[in-house]
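Just query.txt here, compact mmCIF, C-alpha atoms:
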# COMPACT_ATOMS: atom_id res chain seq x y z
CA MET G 1 -10.82 4.80 -23.00
CA ILE G 2 -10.72 8.51 -22.10
CA THR G 3 -13.21 9.37 -19.35
CA GLU G 4 -14.57 12.81 -18.50
CA LEU G 5 -14.65 13.33 -14.71
CA ALA G 6 -16.11 16.84 -14.73
CA LYS G 7 -16.34 19.74 -17.15
CA GLY G 8 -12.93 20.02 -18.77
CA VAL G 9 -11.32 17.32 -16.59
CA TYR G 10 -10.40 13.99 -18.19
CA TRP G 11 -8.80 10.69 -17.20
CA VAL G 12 -6.14 9.99 -19.84
CA GLY G 13 -4.27 7.21 -18.05
CA VAL G 14 -3.52 3.58 -18.82
CA VAL G 15 -4.87 0.26 -17.54
CA ASP G 16 -2.13 -2.34 -17.03
CA TRP G 17 -3.97 -5.65 -16.98
CA ASP G 18 -0.76 -7.71 -17.05
CA LEU G 19 1.10 -6.26 -14.06
CA ARG G 20 1.81 -8.93 -11.45
CA HIS G 21 4.71 -7.40 -9.50
CA PHE G 22 5.45 -3.81 -8.53
CA HIS G 23 8.46 -2.00 -7.03
CA GLY G 24 10.56 -4.53 -8.90
CA HIS G 25 9.31 -7.78 -7.38
CA GLU G 26 8.64 -6.32 -3.93
CA LEU G 27 4.84 -6.09 -4.17
CA SER G 28 2.41 -8.54 -5.75
CA THR G 29 -0.39 -7.13 -7.91
CA HIS G 30 -2.75 -10.02 -8.64
CA ARG G 31 -5.36 -7.76 -10.23
CA GLY G 32 -3.03 -5.58 -12.29
CA SER G 33 -3.06 -1.82 -11.87
CA THR G 34 -3.71 1.50 -13.54
CA TYR G 35 -1.48 4.53 -14.00
CA ASN G 36 -3.84 7.45 -13.69
CA ALA G 37 -3.11 10.75 -15.41
CA TYR G 38 -5.55 13.65 -15.65
CA LEU G 39 -5.88 16.38 -18.27
CA VAL G 40 -7.49 19.70 -17.37
CA LEU G 41 -8.56 21.89 -20.28
CA ASP G 42 -9.46 25.47 -19.40
CA GLU G 43 -8.06 28.82 -20.54
CA LYS G 44 -4.79 27.05 -19.87
CA ALA G 45 -4.12 23.31 -20.07
CA ALA G 46 -2.51 21.13 -17.43
CA LEU G 47 -1.59 17.46 -17.31
CA ILE G 48 -1.60 16.16 -13.75
CA ASP G 49 0.76 13.20 -13.35
CA THR G 50 1.96 10.93 -16.13
CA VAL G 51 2.44 7.15 -16.40
CA TRP G 52 5.16 4.51 -16.37
CA SER G 53 7.58 4.82 -19.28
CA PRO G 54 6.44 1.72 -21.24
CA PHE G 55 3.05 3.43 -21.65
CA ALA G 56 4.31 6.91 -22.58
CA GLU G 57 3.08 6.78 -26.17
CA GLN G 58 -0.34 5.52 -25.09
CA LEU G 59 -0.62 8.47 -22.70
CA LEU G 60 0.36 10.94 -25.43
CA SER G 61 -2.11 9.34 -27.81
CA ASN G 62 -4.86 9.86 -25.23
CA VAL G 63 -3.87 13.49 -24.75
CA ARG G 64 -3.82 14.08 -28.51
CA GLU G 65 -7.46 13.01 -28.73
CA LEU G 66 -8.28 16.12 -26.69
CA CYS G 67 -5.52 18.62 -27.45
CA ASP G 68 -2.12 19.08 -29.02
CA PRO G 69 0.45 18.24 -26.30
CA ALA G 70 2.49 21.22 -27.51
CA LYS G 71 -0.28 23.44 -26.13
CA LEU G 72 0.10 22.17 -22.57
CA ASP G 73 0.94 25.04 -20.25
CA TYR G 74 1.68 22.94 -17.18
CA VAL G 75 2.59 19.41 -16.23
CA VAL G 76 2.08 18.67 -12.53
CA ALA G 77 4.17 15.90 -10.98
CA ASN G 78 2.64 15.07 -7.60
CA HIS G 79 5.27 12.38 -7.01
CA ALA G 80 8.54 11.54 -8.76
CA GLU G 81 8.49 7.74 -8.54
CA VAL G 82 8.92 6.30 -12.01
CA ASP G 83 5.51 4.65 -12.27
CA HIS G 84 4.16 8.22 -12.36
CA SER G 85 7.08 10.15 -13.84
CA GLY G 86 8.50 7.61 -16.29
CA ALA G 87 6.67 9.21 -19.21
CA LEU G 88 7.86 12.73 -18.32
CA PRO G 89 10.77 12.79 -20.81
CA ALA G 90 8.40 11.93 -23.68
CA VAL G 91 5.74 14.36 -22.44
CA MET G 92 8.17 17.24 -22.01
CA ARG G 93 9.58 16.65 -25.48
CA ALA G 94 6.04 16.84 -26.86
CA ALA G 95 5.28 19.90 -24.70
CA PRO G 96 8.52 21.93 -24.78
CA GLN G 97 6.83 25.14 -23.55
CA ALA G 98 5.22 23.49 -20.52
CA THR G 99 6.26 24.35 -16.99
CA LEU G 100 6.80 21.36 -14.71
CA VAL G 101 5.09 21.97 -11.35
CA VAL G 102 6.57 20.07 -8.40
CA SER G 103 7.17 20.20 -4.67
CA PRO G 104 10.67 21.30 -3.61
CA ARG G 105 11.66 17.70 -2.89
CA GLY G 106 9.98 16.66 -6.12
CA ARG G 107 12.32 18.88 -8.10
CA GLU G 108 15.32 17.35 -6.37
CA SER G 109 14.07 13.85 -7.12
CA LEU G 110 13.14 14.48 -10.77
CA GLU G 111 16.45 16.18 -11.49
CA GLY G 112 18.18 13.16 -9.97
CA HIS G 113 16.15 10.73 -12.05
CA TYR G 114 16.27 12.41 -15.43
CA HIS G 115 18.99 15.10 -15.50
CA GLU G 116 16.95 17.26 -17.88
CA PRO G 117 16.92 21.11 -18.00
CA TRP G 118 13.15 21.37 -17.70
CA SER G 119 11.41 24.58 -16.67
CA PHE G 120 10.47 23.89 -13.04
CA ARG G 121 8.04 25.70 -10.79
CA THR G 122 8.19 24.62 -7.17
CA VAL G 123 5.07 24.94 -5.03
CA ARG G 124 4.35 24.54 -1.35
CA THR G 125 1.23 23.99 0.73
CA GLY G 126 -1.25 26.78 0.06
CA ASP G 127 0.17 27.80 -3.31
CA ARG G 128 -2.36 28.16 -6.12
CA LEU G 129 -2.20 28.16 -9.90
CA SER G 130 -5.09 29.50 -11.99
CA LEU G 131 -6.02 27.79 -15.24
CA GLY G 132 -9.14 29.96 -15.71
CA ALA G 133 -12.35 28.68 -14.18
CA VAL G 134 -10.31 25.96 -12.49
CA GLU G 135 -7.64 26.76 -9.93
CA LEU G 136 -5.06 24.23 -8.78
CA ALA G 137 -4.26 24.28 -5.06
CA PHE G 138 -1.34 22.31 -3.65
CA LEU G 139 -0.87 20.45 -0.37
CA GLU G 140 2.50 18.90 0.45
CA ALA G 141 2.17 15.35 1.80
CA PRO G 142 5.68 14.20 2.72
CA MET G 143 6.04 10.44 3.33
CA LEU G 144 2.70 9.60 1.77
CA HIS G 145 4.69 7.76 0.69
CA TRP G 146 7.87 9.59 -0.47
CA PRO G 147 9.31 12.85 0.86
CA ASP G 148 8.34 14.62 -2.39
CA SER G 149 4.66 13.62 -2.43
CA MET G 150 1.95 16.27 -2.71
CA PHE G 151 -1.78 16.54 -3.41
CA THR G 152 -3.39 18.71 -6.09
CA TYR G 153 -6.91 20.02 -5.52
CA LEU G 154 -9.03 21.31 -8.40
CA ALA G 155 -10.94 24.27 -6.99
CA GLY G 156 -13.99 24.87 -9.14
CA ARG G 157 -14.38 21.14 -9.78
CA ALA G 158 -14.02 19.85 -6.20
CA ILE G 159 -11.65 17.04 -7.22
CA LEU G 160 -8.72 15.93 -5.05
CA MET G 161 -5.80 14.29 -6.87
CA PRO G 162 -3.64 12.81 -4.08
CA ASN G 163 -1.33 10.63 -6.19
CA ASP G 164 -0.50 7.43 -4.24
CA ALA G 165 -2.77 8.12 -1.27
CA PHE G 166 -6.18 6.39 -1.38
CA GLY G 167 -5.21 4.23 -4.38
CA GLN G 168 -5.19 0.52 -5.18
CA HIS G 169 -3.41 -1.75 -7.62
CA TYR G 170 -6.62 -2.71 -9.37
CA ALA G 171 -7.16 -2.97 -13.13
CA THR G 172 -10.81 -2.77 -14.16
CA ALA G 173 -12.88 -1.88 -17.20
CA TYR G 174 -14.40 0.98 -15.21
CA ARG G 175 -13.05 4.16 -13.65
CA PHE G 176 -15.27 4.77 -10.62
CA ASN G 177 -15.78 3.08 -7.26
CA ASP G 178 -19.54 2.68 -7.71
CA GLN G 179 -18.93 0.63 -10.88
CA VAL G 180 -16.77 -2.13 -9.37
CA ASP G 181 -17.05 -4.88 -6.77
CA ARG G 182 -16.79 -3.16 -3.38
CA GLU G 183 -15.26 -6.19 -1.66
CA GLU G 184 -12.51 -6.46 -4.27
CA LEU G 185 -11.91 -2.72 -4.13
CA TYR G 186 -11.46 -2.64 -0.37
CA GLU G 187 -9.36 -5.78 -0.45
CA GLU G 188 -6.92 -4.07 -2.81
CA ALA G 189 -7.05 -0.73 -0.96
CA ARG G 190 -6.22 -2.46 2.33
CA LYS G 191 -3.38 -4.43 0.75
CA TYR G 192 -1.97 -1.21 -0.72
CA TYR G 193 -2.12 0.55 2.64
CA ALA G 194 -0.79 -2.40 4.68
CA ASN G 195 2.23 -3.05 2.47
CA ILE G 196 3.21 0.53 1.59
CA LEU G 197 1.82 3.11 4.00
CA THR G 198 1.70 1.32 7.35
CA PRO G 199 5.03 2.74 8.64
CA PHE G 200 3.72 6.27 8.09
CA GLY G 201 0.48 5.89 10.03
CA LYS G 202 1.04 8.91 12.29
CA LEU G 203 1.82 11.09 9.28
CA VAL G 204 -1.24 9.72 7.46
CA ALA G 205 -3.50 10.61 10.39
CA LYS G 206 -1.98 14.08 10.69
CA LYS G 207 -2.36 14.79 6.97
CA ILE G 208 -5.98 13.59 6.97
CA ASP G 209 -6.77 15.91 9.87
CA GLU G 210 -5.08 18.76 7.98
CA LEU G 211 -7.01 17.95 4.82
CA LEU G 212 -10.39 17.74 6.54
CA ALA G 213 -9.71 20.92 8.52
CA LEU G 214 -9.49 22.84 5.25
CA GLY G 215 -13.20 22.20 4.74
CA LEU G 216 -12.77 21.78 1.00
CA PRO G 217 -15.76 20.45 -0.93
CA ILE G 218 -14.67 17.09 -2.34
CA GLU G 219 -16.87 15.46 -4.96
CA MET G 220 -14.19 13.06 -6.21
CA ILE G 221 -10.88 11.64 -5.05
CA ALA G 222 -8.79 10.69 -8.07
CA PRO G 223 -5.66 8.76 -6.99
CA SER G 224 -2.79 7.65 -9.18
CA HIS G 225 -3.63 3.92 -9.12
CA GLY G 226 -6.94 2.11 -9.35
CA VAL G 227 -10.44 3.51 -9.42
CA ILE G 228 -11.67 7.04 -8.70
CA TRP G 229 -13.83 7.60 -5.62
CA ARG G 230 -16.97 9.49 -6.68
CA GLN G 231 -19.71 7.80 -4.64
CA ASP G 232 -19.21 8.95 -1.04
CA PRO G 233 -15.59 9.85 -1.85
CA LEU G 234 -14.58 10.58 1.75
CA GLN G 235 -15.27 6.95 2.71
CA ILE G 236 -11.69 6.06 1.81
CA VAL G 237 -10.33 9.02 3.80
CA HIS G 238 -12.17 7.83 6.91
CA GLN G 239 -11.02 4.28 6.23
CA TYR G 240 -7.40 5.47 6.05
CA ARG G 241 -7.87 7.16 9.41
CA GLU G 242 -9.02 3.82 10.87
CA TRP G 243 -6.13 1.95 9.29
CA ALA G 244 -3.67 4.57 10.54
CA ALA G 245 -4.91 3.96 14.10
CA GLN G 246 -3.88 0.28 13.71
CA LYS G 247 -6.69 -1.16 15.79
CA PRO G 248 -6.55 -4.79 14.66
CA GLU G 249 -9.41 -7.24 14.53
CA PRO G 250 -9.68 -10.01 17.17
CA ARG G 251 -8.15 -12.64 14.92
CA ALA G 252 -4.80 -14.40 14.44
CA THR G 253 -2.43 -15.16 11.59
CA ILE G 254 -0.24 -18.28 11.73
CA VAL G 255 2.81 -18.13 9.46
CA PHE G 256 5.14 -21.11 9.10
CA ASP G 257 7.37 -23.19 6.90
CA THR G 258 8.15 -26.87 7.29
CA MET G 259 10.66 -29.45 6.07
CA TRP G 260 9.13 -32.81 6.98
CA GLU G 261 5.64 -31.73 8.10
CA ALA G 262 6.45 -31.54 11.82
CA THR G 263 6.07 -27.77 11.99
CA ARG G 264 2.93 -27.97 9.87
CA ARG G 265 1.32 -30.33 12.36
CA MET G 266 2.21 -27.92 15.15
CA ALA G 267 0.70 -24.99 13.21
CA GLU G 268 -2.53 -26.88 12.69
CA ALA G 269 -2.71 -27.78 16.40
CA ILE G 270 -2.23 -24.11 17.36
CA GLY G 271 -5.07 -23.29 14.99
CA ARG G 272 -7.30 -25.83 16.70
CA GLY G 273 -6.62 -24.11 20.00
CA LEU G 274 -7.44 -20.69 18.57
CA GLY G 275 -10.62 -21.93 16.94
CA ALA G 276 -11.80 -23.75 20.06
CA ALA G 277 -11.41 -20.50 21.98
CA GLY G 278 -13.46 -18.57 19.43
CA VAL G 279 -10.70 -16.68 17.63
CA PRO G 280 -10.74 -16.83 13.81
CA TYR G 281 -7.39 -17.42 12.16
CA ARG G 282 -5.68 -18.00 8.84
CA LEU G 283 -2.75 -20.30 8.33
CA PHE G 284 -0.04 -19.55 5.73
CA HIS G 285 2.67 -21.92 4.54
CA MET G 286 5.35 -19.49 3.37
CA ALA G 287 6.85 -21.85 0.81
CA VAL G 288 3.68 -21.43 -1.28
CA SER G 289 2.09 -18.21 0.04
CA ASP G 290 2.31 -14.69 -1.34
CA ARG G 291 4.25 -12.50 1.10
CA ASN G 292 2.16 -9.38 0.53
CA ASP G 293 -1.11 -11.25 1.04
CA VAL G 294 0.29 -12.60 4.31
CA LEU G 295 1.33 -9.12 5.45
CA THR G 296 -2.14 -7.81 4.68
CA GLU G 297 -3.63 -10.49 6.89
CA ILE G 298 -1.11 -9.75 9.66
CA PHE G 299 -2.08 -6.06 9.41
CA ARG G 300 -5.71 -7.03 10.12
CA SER G 301 -4.86 -9.38 12.99
CA ARG G 302 -4.23 -8.83 16.66
CA ALA G 303 -1.91 -11.85 16.88
CA VAL G 304 0.86 -13.17 14.66
CA ILE G 305 2.21 -16.64 15.42
CA LEU G 306 5.38 -17.69 13.60
CA GLY G 307 6.84 -21.17 13.24
CA SER G 308 9.89 -22.80 11.68
CA PRO G 309 12.10 -25.81 12.10
CA THR G 310 15.69 -25.02 12.99
CA LEU G 311 18.09 -24.69 10.05
CA ASN G 312 21.66 -23.46 10.43
CA ASN G 313 20.89 -22.42 14.01
CA GLY G 314 18.04 -20.21 12.81
CA VAL G 315 14.84 -20.28 10.77
CA LEU G 316 14.08 -21.44 7.25
CA PRO G 317 14.93 -18.75 4.65
CA THR G 318 11.28 -18.37 3.60
CA LEU G 319 10.51 -16.86 7.02
CA ALA G 320 13.24 -14.24 6.78
CA PRO G 321 11.33 -11.79 4.50
CA ILE G 322 8.31 -11.80 6.81
CA LEU G 323 10.51 -11.20 9.84
CA GLU G 324 12.18 -8.28 8.07
CA ASP G 325 8.82 -6.83 7.03
CA LEU G 326 7.55 -7.01 10.61
CA ARG G 327 10.49 -4.79 11.52
CA GLY G 328 10.23 -2.43 8.54
CA LEU G 329 6.45 -1.97 8.48
CA LYS G 330 6.34 -1.18 12.20
CA PHE G 331 3.05 -2.92 12.89
CA GLN G 332 1.44 -1.67 16.11
CA ASN G 333 -0.90 -3.19 18.69
CA LYS G 334 0.15 -6.77 17.95
CA ILE G 335 0.93 -9.73 20.16
CA GLY G 336 3.06 -12.65 19.04
CA ALA G 337 4.18 -16.19 19.69
CA ALA G 338 6.63 -18.70 18.25
CA PHE G 339 6.82 -22.43 17.66
CA GLY G 340 8.95 -24.91 15.78
CA SER G 341 10.45 -28.36 15.49
CA TYR G 342 14.08 -29.41 15.56
CA GLY G 343 16.36 -32.41 15.41
CA TRP G 344 19.57 -31.26 17.04
CA SER G 345 20.20 -27.71 18.22
CA GLY G 346 16.70 -26.17 18.26
CA GLU G 347 17.29 -22.39 18.14
CA SER G 348 14.42 -21.37 15.83
CA VAL G 349 11.83 -20.58 18.51
CA LYS G 350 14.29 -18.44 20.44
CA ARG G 351 15.33 -16.58 17.28
CA ILE G 352 11.70 -15.80 16.39
CA GLU G 353 10.91 -14.63 19.91
CA GLU G 354 13.96 -12.36 19.95
CA HIS G 355 12.91 -10.85 16.64
CA LEU G 356 9.33 -10.26 17.77
CA GLU G 357 10.60 -8.42 20.82
CA ARG G 358 12.90 -6.27 18.64
CA CYS G 359 9.85 -5.40 16.55
CA GLY G 360 7.95 -4.24 19.62
CA ILE G 361 5.55 -7.19 19.46
CA PRO G 362 5.19 -8.61 22.98
CA LEU G 363 4.90 -12.34 23.47
CA ALA G 364 1.44 -13.58 24.41
CA ALA G 365 2.83 -16.88 25.73
CA PRO G 366 6.11 -18.81 25.76
CA GLY G 367 6.92 -20.62 22.53
CA VAL G 368 6.64 -24.34 21.94
CA ALA G 369 9.50 -26.43 20.54
CA ALA G 370 9.14 -30.10 19.59
CA LYS G 371 12.05 -32.45 18.97
CA TRP G 372 11.70 -34.58 15.85
CA GLN G 373 8.04 -35.21 15.04
CA PRO G 374 5.63 -33.79 17.61
CA GLY G 375 3.95 -36.42 19.77
CA PRO G 376 0.57 -36.16 21.48
CA ALA G 377 2.02 -34.19 24.39
CA ASP G 378 3.71 -31.71 22.01
CA LEU G 379 0.53 -31.21 20.02
CA GLN G 380 -1.38 -30.67 23.27
CA LYS G 381 1.12 -27.93 24.16
CA CYS G 382 0.50 -26.38 20.74
CA GLU G 383 -3.26 -26.36 21.30
CA GLU G 384 -2.66 -24.78 24.70
CA LEU G 385 -0.48 -22.14 23.01
CA GLY G 386 -3.37 -21.40 20.65
CA ARG G 387 -5.74 -21.05 23.60
CA ALA G 388 -3.32 -18.79 25.45
CA VAL G 389 -2.93 -16.52 22.44
CA ALA G 390 -6.71 -16.50 21.99
CA ALA G 391 -7.19 -15.41 25.60
CA ALA G 392 -4.77 -12.52 25.02
CA VAL G 393 -6.55 -11.59 21.78
CA LEU G 394 -9.93 -11.49 23.50
CA ALA G 395 -8.73 -9.76 26.66
CA PRO G 396 -10.38 -6.35 27.17

Entire entry expressed as structure tokens:
Amino acid sequence: MITELAKGVYWVGVVDWDLRHFHGHELSTHRGSTYNAYLVLDEKAALIDTVWSPFAEQLLSNVRELCDPAKLDYVVANHAEVDHSGALPAVMRAAPQATLVVSPRGRESLEGHYHEPWSFRTVRTGDRLSLGAVELAFLEAPMLHWPDSMFTYLAGRAILMPNDAFGQHYATAYRFNDQVDREELYEEARKYYANILTPFGKLVAKKIDELLALGLPIEMIAPSHGVIWRQDPLQIVHQYREWAAQKPEPRATIVFDTMWEATRRMAEAIGRGLGAAGVPYRLFHMAVSDRNDVLTEIFRSRAVILGSPTLNNGVLPTLAPILEDLRGLKFQNKIGAAFGSYGWSGESVKRIEEHLERCGIPLAAPGVAAKWQPGPADLQKCEELGRAVAAAVLAP
């Protein structure tokens, strides 16, 4: 349903209730998503961002309820990734006279994606485009989260449209943050940040400082996914600043896989040690756990404790994606530990510890390895490992 945000400014996007994976199968989206596009009708008309290609006709149908797409003067592409630009070929066919407004890197990316002779206008930070009473102002935001990303600010309406920044994969019947469950909203916003934007934390903090220094009145923040922030809209900006600082909570995440329950028993004993020392924790069996949910919990936590039996002189394959993500997401201010069971060679604990050190995650305590099924002495060592990690978590 089309929603008016302010005089002459409309949400014309699409709610995707069925989406369960994003970026191919790289990111889980348990609550679906939205592809937000915004139509500004003034003396001139502009469409800001489009939608994923399967929903191109739905977008055009929404636009047609308000104006003939052929009368669009501008289409603004804040980001060239196909969930936002996929409908561009259909839109530009329907609006052949429209100028496509992009960042310099955005033009490079869109030409590479679509190979179309569109009429481009490249803009940089500080450039402005008048539509009449509304003026569009542009702010480049490289690596939030692609090099081409930029923000569009609607002067005269005090609305910031930052594309992927401040968004969530969250399908709802409503468009605004004050209409939805706040706990769900923040859960999805944190998951989005943790799994996508974490490596760019320094750039996020710098861009937020730049944005706030402009002193722009902001009555709404309208991202490209999820709900629009209209009630205390800067709350999500300040939350991003906190997330960018990567100051984790005093808690732990235990991640493991197991073949014959030995490593599970060790994981549970480590948890008992953490709990007895007053540190909350969550335990994830990677054979049945969602990787992105686990990464979100690791993002929150001061400690990550990884366990696996030894297989082929290494770890079980289900642990490999988490290990790779620890490297790629560049989590900061973490401590780690390793544990595992083995029957013959027993390299898994060493492999995990080596990987943690490569990721810049110092070891809170030496790992624990148990041969065959852990006996009482092995489980006692696991509880002691939990207590040692807890002491490091709680240390001032």

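With CA of Gln179 (chain G) on one side and CA of Asn62 (chain G) on the other, the separation reads 22.1 Å.
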
Who sits within 6 Å of region 128-134 of chain G, all atoms listed in the file, same chain under 3 positions skipped, as a PDB file with C-alpha atoms, keeping the file's coordinate frame:
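Produced file result-v7.pdb, reproduced below:
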ATOM      1  CA  ASP G  42      -9.460  25.470 -19.400  1.00  0.00           C
ATOM      2  CA  GLU G  43      -8.060  28.820 -20.540  1.00  0.00           C
ATOM      3  CA  LYS G  44      -4.790  27.050 -19.870  1.00  0.00           C
ATOM      4  CA  ALA G 137      -4.260  24.280  -5.060  1.00  0.00           C
ATOM      5  CA  ALA G 155     -10.940  24.270  -6.990  1.00  0.00           C
ATOM      6  CA  GLY G 156     -13.990  24.870  -9.140  1.00  0.00           C
TER       7      GLY G 156
END

May I have a table of the residues of region 110-220 of chain G lying at most 12 Å from region 5-16 of chain G, giving each one's closest pair of atoms and their distance in Å to one decimal, counting all atoms listed in the file, ordered by chain and ascending residue number, as a tab-separated table?
residue	atom	partner	partner_atom	distance
G:Leu131	CA	G:Gly8	CA	11.0
G:Gly132	CA	G:Gly8	CA	11.1
G:Ala133	CA	G:Gly8	CA	9.8
G:Val134	CA	G:Gly8	CA	9.0
G:Leu154	CA	G:Val9	CA	9.4
G:Ala155	CA	G:Val9	CA	11.9
G:Gly156	CA	G:Lys7	CA	9.8
G:Arg157	CA	G:Ala6	CA	6.8
G:Ala158	CA	G:Ala6	CA	9.3
G:Ile159	CA	G:Ala6	CA	8.7
G:Leu160	CA	G:Leu5	CA	11.6
G:Met161	CA	G:Trp11	CA	11.3
G:His169	CA	G:Asp16	CA	9.5
G:Tyr170	CA	G:Val15	CA	8.9
G:Ala171	CA	G:Val15	CA	5.9
G:Thr172	CA	G:Val15	CA	7.5
G:Ala173	CA	G:Val15	CA	8.3
G:Tyr174	CA	G:Val15	CA	9.8
G:Arg175	CA	G:Trp11	CA	8.6
G:Phe176	CA	G:Leu5	CA	9.5
G:Glu219	CA	G:Ala6	CA	9.9
G:Met220	CA	G:Leu5	CA	8.5

Of the candidates G:Glu384, G:Glu184, G:Glu347, G:Glu242, which shows the shortest atom-to-atom distance to Lys371 (chain G), using only C-alpha atoms?
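Looking at the shortest contact to Lys371 (chain G), the residue is G:Glu347.
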
Please provide as a PyMOL selection string all residues within 8 Å of His30 (chain G), with the sequence filter that same-chain residues fewer than 3 positions apart are discarded (counting all atoms listed in the file).
chain G and resi 19-21

Taking all atoms listed in the file into account, which of G:Arg182, G:Lys202, G:His84, G:His79 comes nearest Ser109 (chain G)?
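Ranked by minimum distance to Ser109 (chain G), first place goes to G:His79.
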
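Note that the spacing between CA of Ile254 (chain G) and CA of Arg241 (chain G) amounts to 26.7 Å.
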
Applying 7 Å and all atoms listed in the file, which residues near Ser348 (chain G) remain after dropping the ones on its own chain fewer than 6 positions away? List them as a VMD selection string.
chain G and resid 308 to 310 313 to 315 340

Near Pro54 (chain G), counting all atoms listed in the file, which residues have an atom at most 10 Å away, once you skip same-chain residues fewer than 5 positions from it, shown as a list in words?
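Here the answer would be Leu59, Asp83, Gly86 and Ala87 of chain G.
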
Would you put the residues from that selection into a file with C-alpha atoms, as a PDB file, keeping the file's coordinate frame?
ATOM      1  CA  LEU G  59      -0.620   8.470 -22.700  1.00  0.00           C
ATOM      2  CA  ASP G  83       5.510   4.650 -12.270  1.00  0.00           C
ATOM      3  CA  GLY G  86       8.500   7.610 -16.290  1.00  0.00           C
ATOM      4  CA  ALA G  87       6.670   9.210 -19.210  1.00  0.00           C
TER       5      ALA G  87
END

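Using all atoms listed in the file for every distance, the candidate list G:Leu316, G:Tyr153, G:Ala391, G:Pro147 yields G:Tyr153 as the residue closest to Pro217 (chain G).
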